[in-house]
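Each remark here refers to the structure printed beneath this line.
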Amino acid sequence: MLGGALSRESLLISTLVELADNLVDDYDVIDVLTVLVHRCVQTVDVDAAGVMLARPEESLQFVASSSESMRMLELFQIQAAERPCVDCYRSGEPIINHALDEGDDRWPQFSPRAMAQGFRAVHCLPMRLRGSTIGALNLFRTSHGALGPDDVVAAQGLADVATIAILQHQSSLNAATLNGQLSYALNSRIIIEQAKGMIRQALDCDMHEAFERLRWHSRNHNIKLTSVATRIVEGLLAPGDLESAPSSTF
């Protein structure tokens, strides 16, 4: 949810600047999408956000989420036979204001699991550009009620910017380069999960705090998130050297 002194318009502008600032020559897709999911929660009337990406002609894979509960739900979507993100990705059409309940005929396996995580409504927006769909942005609310038109426009706008960042970095990317970037993003996620597990064990904290420490160290030292995680996994950076992130940072 939106909080603090900044208006939503100011925060949206700040987010666009932050996303653009990430588009350096060796930009990290994980960094861009992590910014996306956290800013969706801050600027749109939702409580959690996640992103799934797919290489051409392959299944969706989890890439980024705003919380640990969202991460677990995204992983469940990958395993389940029916889930909203797949419907959105395959059709290229948004799913807006779908209420979750025990008698959900559309996703009878997914809905109870989402409700067990405290969510009551789901929205999925395609990440696409000129007919090319590379994934889906998933948004969840803990209360019933429709997502307003302005919120839908804001969320789709952020998703579009992130999609352009991936598809058209430095004007345009050929298929081989796109495949390489998406493969790198999915492989990076594995390294980040390994690092989170090592941090959790070393510092006796939960996975959410482990990720926040990773991301804060990345931002504070201007190092790519994947690079910080790699250094943890390779033993080049001790978990105890990661600063605790201020609660208001994200």
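Quick note on naming: the chains in the structure tokens go A, B, ... in the order shown, residues restart at 1 in each chain, and ligands are numbered from 1 in order of appearance.
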**All strand (DSSP E or B) positions in range 8-238 of chain A, as a count of residues only** = 35
**Request:** Pick out the residues sitting within 9 Å of Arg83 in chain A, and hand them over as number ranges by chain; count only C-alpha atoms, and ignore anything fewer than 4 positions along from it in its own chain.
**Result:** A: 76-78, 87, 106-107, 109-111
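Proximity of A:Met52, A:Met127, A:Glu93, A:Glu68 to Ala162 in chain A, computed with only C-alpha atoms, is greatest for A:Met127.
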**Request:** Find the residues around Arg231 in chain A up to 12 Å (only C-alpha atoms counted), leave out those fewer than 2 positions away in its own chain, and share them as a list in words.
**Result:** Ile191, Ile192, Gln194, Ala195, Lys196, Met198, Ile199, Leu214, His217, Ser218, Ile223, Lys224, Leu225, Thr226, Ser227, Val228, Ala229, Val233, Glu234, Gly235, Leu236, Leu237, Ala238, Pro239, Asp241 and Leu242 of chain A
Writing out the chosen residues with N, CA and C atoms as a PDB file, in the first residue's frame:
ATOM      1  N   ILE A 191      20.517 -18.746  -7.419  1.00  0.00           N
ATOM      2  CA  ILE A 191      21.634 -18.301  -6.585  1.00  0.00           C
ATOM      3  C   ILE A 191      21.132 -17.473  -5.409  1.00  0.00           C
ATOM      4  N   ILE A 192      20.149 -16.603  -5.671  1.00  0.00           N
ATOM      5  CA  ILE A 192      19.597 -15.766  -4.610  1.00  0.00           C
ATOM      6  C   ILE A 192      18.926 -16.622  -3.544  1.00  0.00           C
ATOM      7  N   GLN A 194      19.689 -19.696  -2.780  1.00  0.00           N
ATOM      8  CA  GLN A 194      20.761 -20.360  -2.037  1.00  0.00           C
ATOM      9  C   GLN A 194      21.368 -19.420  -0.996  1.00  0.00           C
ATOM     10  N   ALA A 195      21.598 -18.181  -1.408  1.00  0.00           N
ATOM     11  CA  ALA A 195      22.172 -17.196  -0.491  1.00  0.00           C
ATOM     12  C   ALA A 195      21.218 -16.906   0.661  1.00  0.00           C
ATOM     13  N   LYS A 196      19.925 -16.800   0.374  1.00  0.00           N
ATOM     14  CA  LYS A 196      18.951 -16.557   1.433  1.00  0.00           C
ATOM     15  C   LYS A 196      18.970 -17.676   2.468  1.00  0.00           C
ATOM     16  N   MET A 198      21.493 -19.610   3.228  1.00  0.00           N
ATOM     17  CA  MET A 198      22.731 -19.524   3.999  1.00  0.00           C
ATOM     18  C   MET A 198      22.655 -18.406   5.036  1.00  0.00           C
ATOM     19  N   ILE A 199      22.049 -17.274   4.641  1.00  0.00           N
ATOM     20  CA  ILE A 199      21.905 -16.146   5.563  1.00  0.00           C
ATOM     21  C   ILE A 199      20.962 -16.509   6.702  1.00  0.00           C
ATOM     22  N   LEU A 214      20.072  -8.907   1.856  1.00  0.00           N
ATOM     23  CA  LEU A 214      20.729  -8.978   0.554  1.00  0.00           C
ATOM     24  C   LEU A 214      20.472  -7.723  -0.267  1.00  0.00           C
ATOM     25  N   HIS A 217      22.132  -4.508   1.165  1.00  0.00           N
ATOM     26  CA  HIS A 217      23.575  -4.490   0.902  1.00  0.00           C
ATOM     27  C   HIS A 217      23.837  -4.138  -0.564  1.00  0.00           C
ATOM     28  N   SER A 218      23.009  -4.679  -1.459  1.00  0.00           N
ATOM     29  CA  SER A 218      23.137  -4.382  -2.888  1.00  0.00           C
ATOM     30  C   SER A 218      22.960  -2.894  -3.160  1.00  0.00           C
ATOM     31  N   ILE A 223      26.019  -2.598  -5.711  1.00  0.00           N
ATOM     32  CA  ILE A 223      26.424  -3.871  -6.288  1.00  0.00           C
ATOM     33  C   ILE A 223      25.163  -4.616  -6.716  1.00  0.00           C
ATOM     34  N   LYS A 224      25.211  -5.261  -7.859  1.00  0.00           N
ATOM     35  CA  LYS A 224      24.032  -5.994  -8.326  1.00  0.00           C
ATOM     36  C   LYS A 224      23.618  -7.055  -7.313  1.00  0.00           C
ATOM     37  N   LEU A 225      22.314  -7.233  -7.207  1.00  0.00           N
ATOM     38  CA  LEU A 225      21.761  -8.180  -6.241  1.00  0.00           C
ATOM     39  C   LEU A 225      22.323  -9.585  -6.456  1.00  0.00           C
ATOM     40  N   THR A 226      22.378 -10.015  -7.702  1.00  0.00           N
ATOM     41  CA  THR A 226      22.904 -11.347  -7.994  1.00  0.00           C
ATOM     42  C   THR A 226      24.375 -11.465  -7.607  1.00  0.00           C
ATOM     43  N   SER A 227      25.134 -10.380  -7.769  1.00  0.00           N
ATOM     44  CA  SER A 227      26.549 -10.402  -7.412  1.00  0.00           C
ATOM     45  C   SER A 227      26.734 -10.563  -5.902  1.00  0.00           C
ATOM     46  N   VAL A 228      25.900  -9.899  -5.122  1.00  0.00           N
ATOM     47  CA  VAL A 228      25.973 -10.042  -3.663  1.00  0.00           C
ATOM     48  C   VAL A 228      25.649 -11.482  -3.277  1.00  0.00           C
ATOM     49  N   ALA A 229      24.585 -12.035  -3.875  1.00  0.00           N
ATOM     50  CA  ALA A 229      24.202 -13.411  -3.566  1.00  0.00           C
ATOM     51  C   ALA A 229      25.310 -14.394  -3.944  1.00  0.00           C
ATOM     52  N   VAL A 233      27.292 -17.151  -1.559  1.00  0.00           N
ATOM     53  CA  VAL A 233      27.338 -18.579  -1.875  1.00  0.00           C
ATOM     54  C   VAL A 233      28.777 -19.071  -1.999  1.00  0.00           C
ATOM     55  N   GLU A 234      29.641 -18.251  -2.570  1.00  0.00           N
ATOM     56  CA  GLU A 234      31.031 -18.642  -2.777  1.00  0.00           C
ATOM     57  C   GLU A 234      31.908 -18.407  -1.552  1.00  0.00           C
ATOM     58  N   GLY A 235      31.323 -17.877  -0.490  1.00  0.00           N
ATOM     59  CA  GLY A 235      32.073 -17.660   0.737  1.00  0.00           C
ATOM     60  C   GLY A 235      32.955 -16.433   0.728  1.00  0.00           C
ATOM     61  N   LEU A 236      32.744 -15.540  -0.239  1.00  0.00           N
ATOM     62  CA  LEU A 236      33.540 -14.323  -0.331  1.00  0.00           C
ATOM     63  C   LEU A 236      32.974 -13.192   0.523  1.00  0.00           C
ATOM     64  N   LEU A 237      31.749 -13.347   0.976  1.00  0.00           N
ATOM     65  CA  LEU A 237      31.091 -12.362   1.835  1.00  0.00           C
ATOM     66  C   LEU A 237      30.356 -13.116   2.936  1.00  0.00           C
ATOM     67  N   ALA A 238      30.634 -12.771   4.175  1.00  0.00           N
ATOM     68  CA  ALA A 238      30.001 -13.456   5.304  1.00  0.00           C
ATOM     69  C   ALA A 238      28.603 -12.900   5.542  1.00  0.00           C
ATOM     70  N   PRO A 239      27.611 -13.745   5.825  1.00  0.00           N
ATOM     71  CA  PRO A 239      26.260 -13.261   6.113  1.00  0.00           C
ATOM     72  C   PRO A 239      26.243 -12.204   7.212  1.00  0.00           C
ATOM     73  N   ASP A 241      28.207  -9.876   7.657  1.00  0.00           N
ATOM     74  CA  ASP A 241      28.650  -8.564   7.161  1.00  0.00           C
ATOM     75  C   ASP A 241      27.535  -7.813   6.437  1.00  0.00           C
ATOM     76  N   LEU A 242      26.376  -8.446   6.293  1.00  0.00           N
ATOM     77  CA  LEU A 242      25.237  -7.787   5.647  1.00  0.00           C
ATOM     78  C   LEU A 242      24.518  -6.913   6.660  1.00  0.00           C
TER      79      LEU A 242
END
**Request:** Using DSSP on the backbone coordinates, identify the residues of range 130-171 of chain A assigned to helix (DSSP H, G or I); present them as a list in words.
**Result:** Pro149, Asp150, Asp151, Val152, Val153, Ala154, Ala155, Gln156, Gly157, Leu158, Ala159, Asp160, Val161, Ala162, Thr163, Ile164, Ala165, Ile166 and Leu167 of chain A
Would you write out those residues with N, CA and C atoms, as a CSV table (one decimal), in the first residue's frame?
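The resulting result06.csv:
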chain,number,residue,atom,x,y,z
A,149,PRO,N,-9.8,1.6,-11.5
A,149,PRO,CA,-9.2,1.8,-12.9
A,149,PRO,C,-7.9,2.4,-12.8
A,150,ASP,N,-7.7,3.4,-12.0
A,150,ASP,CA,-6.4,4.1,-11.9
A,150,ASP,C,-5.3,3.1,-11.4
A,151,ASP,N,-5.7,2.3,-10.5
A,151,ASP,CA,-4.7,1.3,-10.0
A,151,ASP,C,-4.3,0.3,-11.1
A,152,VAL,N,-5.3,-0.1,-11.9
A,152,VAL,CA,-5.0,-1.0,-13.0
A,152,VAL,C,-4.0,-0.4,-14.0
A,153,VAL,N,-4.3,0.9,-14.3
A,153,VAL,CA,-3.5,1.6,-15.3
A,153,VAL,C,-2.1,1.8,-14.7
A,154,ALA,N,-2.0,2.1,-13.4
A,154,ALA,CA,-0.6,2.3,-12.8
A,154,ALA,C,0.2,1.0,-12.8
A,155,ALA,N,-0.5,-0.1,-12.4
A,155,ALA,CA,0.2,-1.4,-12.4
A,155,ALA,C,0.6,-1.8,-13.8
A,156,GLN,N,-0.3,-1.7,-14.7
A,156,GLN,CA,0.1,-2.1,-16.1
A,156,GLN,C,1.2,-1.2,-16.7
A,157,GLY,N,1.2,0.0,-16.3
A,157,GLY,CA,2.2,0.9,-16.8
A,157,GLY,C,3.6,0.5,-16.2
A,158,LEU,N,3.7,0.1,-14.9
A,158,LEU,CA,4.9,-0.3,-14.4
A,158,LEU,C,5.3,-1.6,-15.0
A,159,ALA,N,4.4,-2.5,-15.3
A,159,ALA,CA,4.7,-3.8,-15.9
A,159,ALA,C,5.2,-3.6,-17.3
A,160,ASP,N,4.6,-2.6,-18.0
A,160,ASP,CA,5.1,-2.3,-19.4
A,160,ASP,C,6.5,-1.7,-19.4
A,161,VAL,N,6.8,-0.9,-18.5
A,161,VAL,CA,8.2,-0.3,-18.4
A,161,VAL,C,9.2,-1.4,-18.1
A,162,ALA,N,8.9,-2.3,-17.2
A,162,ALA,CA,9.8,-3.4,-16.9
A,162,ALA,C,9.9,-4.3,-18.2
A,163,THR,N,8.8,-4.5,-18.9
A,163,THR,CA,8.9,-5.4,-20.1
A,163,THR,C,9.8,-4.7,-21.1
A,164,ILE,N,9.6,-3.4,-21.3
A,164,ILE,CA,10.5,-2.7,-22.3
A,164,ILE,C,11.9,-2.8,-21.9
A,165,ALA,N,12.1,-2.7,-20.6
A,165,ALA,CA,13.5,-2.8,-20.1
A,165,ALA,C,14.2,-4.1,-20.5
A,166,ILE,N,13.4,-5.2,-20.4
A,166,ILE,CA,13.9,-6.5,-20.7
A,166,ILE,C,14.0,-6.7,-22.3
A,167,LEU,N,13.0,-6.3,-23.0
A,167,LEU,CA,12.9,-6.6,-24.4
A,167,LEU,C,13.7,-5.6,-25.3
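Look at Arg128 in chain A: the protein and nucleic acid residues within 9 Å of it, using only C-alpha atoms and passing over chain neighbours fewer than 2 places away, are Tyr89, Gly92, Pro126, Arg130, Gly131, Ser132, Thr133, Ile134, Gly135, Ala136, Ala159, Asp160, Thr163 and Ile164 of chain A.
Of the residues listed (A:Arg141, A:Arg189, A:Arg215, A:His98), A:Arg189 shows the shortest atom-to-atom separation from Gln61 in chain A; distances use only C-alpha atoms.
Taking CA of His221 in chain A and CA of Glu243 in chain A as the two end points, the separation is 10.6 Å.
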**Request:** Would you kindly return, as JSON, numbers by chain, each protein, DNA or RNA residue with an atom no farther than 9 Å from any atom of range 48-51 of chain A, considering only C-alpha atoms and excluding same-chain residues fewer than 6 positions away?
**Result:** {"A": [1, 33, 34, 36, 37, 38, 40, 41, 61, 62, 63, 64, 65, 66, 67, 69, 70, 71, 74, 85, 119, 135, 136, 137, 138, 139, 140, 141, 142]}
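Remark: for Ala99 in chain A, the closest of the candidate residues A:Leu75, A:Val86, A:Leu125, A:Ala146 is A:Ala146 (distances computed over only C-alpha atoms).
Put simply, CA of Ile96 in chain A is 12.8 Å away from CA of Arg120 in chain A.
Reported to one decimal place, the separation of CA of Ser143 in chain A from CA of Ala121 in chain A is 6.8 Å.
Near Arg200 in chain A, within 12 Å and counting only C-alpha atoms, sit Glu193, Gln194, Ala195, Lys196, Gly197, Leu203, Asp204, Cys205, Asp206, Met207, His208, Glu209, Ala210, Phe211, Glu212, Arg213, Leu214, Ile232, Pro239, Gly240 and Leu242 of chain A, not including residues fewer than 3 positions from it in the same chain.
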Keeping C-alpha atoms, export the residues of the selection given above as a PDB file, in the first residue's frame.
ATOM      1  CA  GLU A 193      17.540 -18.529  -2.985  1.00  0.00           C
ATOM      2  CA  GLN A 194      20.761 -20.360  -2.037  1.00  0.00           C
ATOM      3  CA  ALA A 195      22.172 -17.196  -0.491  1.00  0.00           C
ATOM      4  CA  LYS A 196      18.951 -16.557   1.433  1.00  0.00           C
ATOM      5  CA  GLY A 197      19.122 -20.032   2.916  1.00  0.00           C
ATOM      6  CA  LEU A 203      21.851 -15.320  11.346  1.00  0.00           C
ATOM      7  CA  ASP A 204      18.883 -17.365  12.637  1.00  0.00           C
ATOM      8  CA  CYS A 205      16.399 -15.134  10.808  1.00  0.00           C
ATOM      9  CA  ASP A 206      13.477 -15.786   8.459  1.00  0.00           C
ATOM     10  CA  MET A 207      13.743 -15.814   4.669  1.00  0.00           C
ATOM     11  CA  HIS A 208      12.126 -12.394   4.338  1.00  0.00           C
ATOM     12  CA  GLU A 209      14.779 -10.744   6.514  1.00  0.00           C
ATOM     13  CA  ALA A 210      17.483 -12.673   4.679  1.00  0.00           C
ATOM     14  CA  PHE A 211      16.345 -11.223   1.357  1.00  0.00           C
ATOM     15  CA  GLU A 212      15.981  -7.710   2.770  1.00  0.00           C
ATOM     16  CA  ARG A 213      19.583  -7.880   4.005  1.00  0.00           C
ATOM     17  CA  LEU A 214      20.729  -8.978   0.554  1.00  0.00           C
ATOM     18  CA  ILE A 232      27.620 -15.166  -0.185  1.00  0.00           C
ATOM     19  CA  PRO A 239      26.260 -13.261   6.113  1.00  0.00           C
ATOM     20  CA  GLY A 240      27.173 -11.375   9.281  1.00  0.00           C
ATOM     21  CA  LEU A 242      25.237  -7.787   5.647  1.00  0.00           C
TER      22      LEU A 242
END
